[in-house]
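See below for the structure under consideration.
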Amino acid sequence: MKQHIADLIQQAIDALKTAGEFDADLVANIQIDNTRDKQHGDLACNVALTLAKVARRKPRDIAELICSQLPASKSVTKTQIAGPGFINFFISQDATQAIIGKVLTDADQFGRNNSGAGHKVQVEFVSANPTGPLHVGHGRGAAYGASVSNLLEASGYDVEREYYVNDAGRQMNILAASVWLRYLQQAEEEITFPSNGYQGAYVNDIAKHLRTQVGDRLKHSAPEVMSRLHADAPEGDKEKHIDDLIERAQSLLGQADYSLVFNAGLNSIRDDIEQDLHGFGVDFQHWFSERSLDQGDQINRAIAKLQEQGHVYEDGGALWFRSTAFGDDKDRVVKRDNGQTTYFASDIAYHLNKFERGMDTVINVWGADHHGYITRVKAALQALGIDPERLVVKLVQFAILYRGNERVPMSTRSGSFVTLRELREEVGKDASRFFYVTRKAEQHMDFDLELAKSESKDNPVYYIQYAHARICTLIRKLAEQNMAWDSVMGLEQLEKLSEPAEISLMQQIQLYPEVIAHAAYNHEPHQVAHYLKDLAGHFHSYYNAHRMVIDDVQLRNARMCLCMAARQVMDNGLTLLGVDAPEHM
RNA sequence: GCGCCCUUAGCUCAGUUGGAUAGAGCAACGGCUUUCUAAGCCGUGGGUCGAGGGUUCGAAUCCUUCAGGGCGUACCA
């Protein structure tokens, strides 16, 4: 409809150019907006205001010229010039009612578009270290990334969802040491668990499982393990202590058995995360291993590539990437003086890899604490000859957890945290998925567990699901009373839908495709959440004001068509957000 | 110090890329069910859009200065 109105205005402007009223080279940016106030009609155009300057005429005069040349359209019942020079359009009921047929025909395809056709985009999200279960802080990134991916798919993009598994590096070694020490404790060795180890109960579980598989084969005596170590905190240095323990584990176990312990920890947690996310309605096409970069020598290759371009220099025995040449505050080390490559070097190789896989655009969903990395990663891409605009980083602010008024502390290391699984079990997948994407990502968010857990009307997801379930009940009710309804007959009777509540519900339905397009373009799933709440509100008002199970067969068919169209849109929208559309509540 | 994000009703937040009189939900108050799910509907009150300045027909939105809050500023991962 907007396009149709824009075409009419363009025709009018062209006619005015021919008539010599406007310069032939005048270019009008025609923008059609939904009106806020229905007194201003249904759609409004501000072109007269924007043209005022270049055409050197008063806005209202331009609006009158345009209106005088506007071709007639059966969709438009009235136009008016209002305010400083807006042209307002009143849309005919026929044109509005036509949306119902479109929704019922397109069904689950309604609202989708093809603007991203032929475009490959990767969305990388969550990517939490596999050193423990996901906690609620990861939930927001998971919900956001999944919904953005769904929105992009609905806009025709070829989307790949990817999880970057940080399975290399010191944290993983700390996990391996933690697993082994718990294993030794279970084998009745007197081991004092390190303060810097992973304290969570899940480490015990992994150790237990490991022991059922290999028995006491990995056992060493406590004195062997604990002698001649740097002291632990508080007297000593907890970092040195844990590093010594890692070394001790590696030397006592040997490479093969150390890997066994290491992989037991990694695989168990990785599998747990995958299942957890699956239960959260989040599935990935690829789990990309950081270690695979090293094994394929991709890190050294990436550094060499930077070196070829002359962006790397040596200083103090280390290799530095000259990121300051691309707007960074300081240069960054890619290879340390001890010969090890840095995490940043892995990131360069990883991002190079993403684009070498043929992605047109890469979207990274990062926690807000990573914002300092954006500049350096983009710098590296630019140095590698890749347009940094092709990398889009979306920062997701932390959700601060509350139980009522009590703030919940979160730390993976201490083991005292609320896991995503707990949240899912207590609050439910639907409410938590919806709650997370109700706020825009860069907003700080207070997540009150008490509120989210309470199945009360305060929880907006129920409001929408309830609307959906109510419509499903209508269908059952009609069947019970042997009152058939027929969509083909209903679509022929749409002119009977002229109540204000019916018109405004249809108008709300009509907005859906542009909401999806807009939300996808801006990576803002919260727009869908707010839209659905409004749609449900329109439906509830309608439902309270009018009855659908009625004897008048024509009106009944028409109203049921409208209800079914509303149901379809709720279903489509909820699906994009990963929320179920229930038939009963 | 420097950098990024945020600041809108008592609370939690929207605000369609610069449009008309800034909107929801919650909380408060008053109504609506012999009839399709009251997890609902209808109504009432509530604002210096953090502050100042600028850009223009027009600013919550863009530019600038300042204040407040959060985060980041490793040869850690």
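Following the order of the structure tokens, first chain is A, next is B, and so on, with residues numbered from 1 inside each chain and ligands from 1 in the order they appear.
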**Message:** I'd like the contact shell of Tyr202 (chain A) - 10 Å cut-off, only C-alpha atoms (C1' of nucleotides), skipping same-chain residues fewer than 5 positions apart - returned as number ranges by chain.
**Reply:** A: 131-133, 179, 207-208, 265, 268-269, 415
**Request:** Compute the chain A side of the contact with chain B at 7 Å, counting only C-alpha atoms (C1' of nucleotides), and hand it back as JSON, numbers by chain.
**Result:** {"A": [83, 169, 170, 171, 318, 333, 336, 337, 343, 368, 369, 371, 372, 442, 443, 456, 457, 458, 462, 463, 466, 470, 474, 477, 540, 541, 544, 547, 548, 549]}
**Non-local contacts of C62 (chain B) (12 Å; only C-alpha atoms (C1' of nucleotides); under 3 positions in same chain excluded) as an NGL selection string** = :B and (17-18 or 54-56 or 59)
Dump C-alpha atoms (C1' of nucleotides) for the selected residues as a compact mmCIF listing (two decimals), in the first residue's frame?
```txt
# COMPACT_ATOMS: atom_id res chain seq x y z
C1' U B 17 16.07 6.48 10.90
C1' G B 18 14.01 14.49 11.51
C1' G B 54 23.46 24.82 17.94
C1' U B 55 21.53 22.99 12.91
C1' U B 56 15.80 24.04 10.23
C1' A B 59 14.48 17.82 17.33
```
**Item:** Atomic separation - CA of Ser292 (chain A) relative to CA of Gln309 (chain A), Å
**Value:**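 Computing it gives 24.8 Å between the two atoms.
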**Request:** Name the residues of region 213-417 of chain A that come out as strand (DSSP E) in a backbone DSSP run; write them as number ranges by chain.
**Result:** A: 286-289, 312-315, 318-321, 332-335, 361-367, 391-396, 399-403, 406-407
**Prompt:** Tell me, which residues of region 303-522 of chain A carry DSSP alpha helix (DSSP H), written as an NGL selection string?
**Reply:** :A and (303-308 or 343-356 or 372-383 or 420-427 or 429-438 or 449-453 or 460-480 or 487-492 or 500-522)
**Complete:** Of A:Lys78, A:His230, A:His351, A:Arg140, the one nearest to Leu381 (chain A) when counting only C-alpha atoms is A:His351
**Asked** With only C-alpha atoms as the basis for distance, which of A:Ala231, A:Ala452, A:Leu277, A:Leu151 is at the shortest distance from His526 (chain A)?
**Response**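 Using only C-alpha atoms, the shortest distance to His526 (chain A) belongs to A:Leu151.
For Lys102 (chain A), the set of protein, DNA and RNA residues having any atom at most 9 Å away, when counting only C-alpha atoms (C1' of nucleotides) and skipping those fewer than 5 positions along the same chain, is Ala107, Phe110 and Ala565 of chain A.
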Just the residues within 7 Å of Val396 (chain A), please, counting only C-alpha atoms (C1' of nucleotides), with nothing from its chain fewer than 4 positions along; format it as a PDB file with C-alpha atoms, in the first residue's frame.
```pdb
ATOM      1  CA  GLY A 141      22.976 -13.277  23.842  1.00  0.00           C
ATOM      2  CA  VAL A 365      26.956 -10.869  18.988  1.00  0.00           C
ATOM      3  CA  TRP A 366      29.261  -9.921  21.847  1.00  0.00           C
ATOM      4  CA  GLY A 367      28.844  -9.073  25.477  1.00  0.00           C
ATOM      5  CA  ALA A 368      29.226  -5.374  26.123  1.00  0.00           C
ATOM      6  CA  ALA A 441      20.124  -5.265  23.068  1.00  0.00           C
ATOM      7  CA  GLU A 442      22.180  -2.204  23.965  1.00  0.00           C
TER       8      GLU A 442
END
```
**Message:** My list of candidates is B:U33, B:G1, B:A22, B:C11. Which is closest to U61 (chain B) when distances are computed with only C-alpha atoms (C1' of nucleotides)?
**Reply:**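 Under the stated criterion, the closest residue is B:A22.
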**Message:** Quick one: residues within 6 Å of region 492-507 of chain A, only C-alpha atoms (C1' of nucleotides), excluding same-chain residues fewer than 6 positions away - as a PyMOL selection string?
**Reply:** chain A and resi 538+542+558
**CA of Thr77 (chain A) to CA of Asp33 (chain A), distance in Å rounded to a single decimal** = 17.4 Å
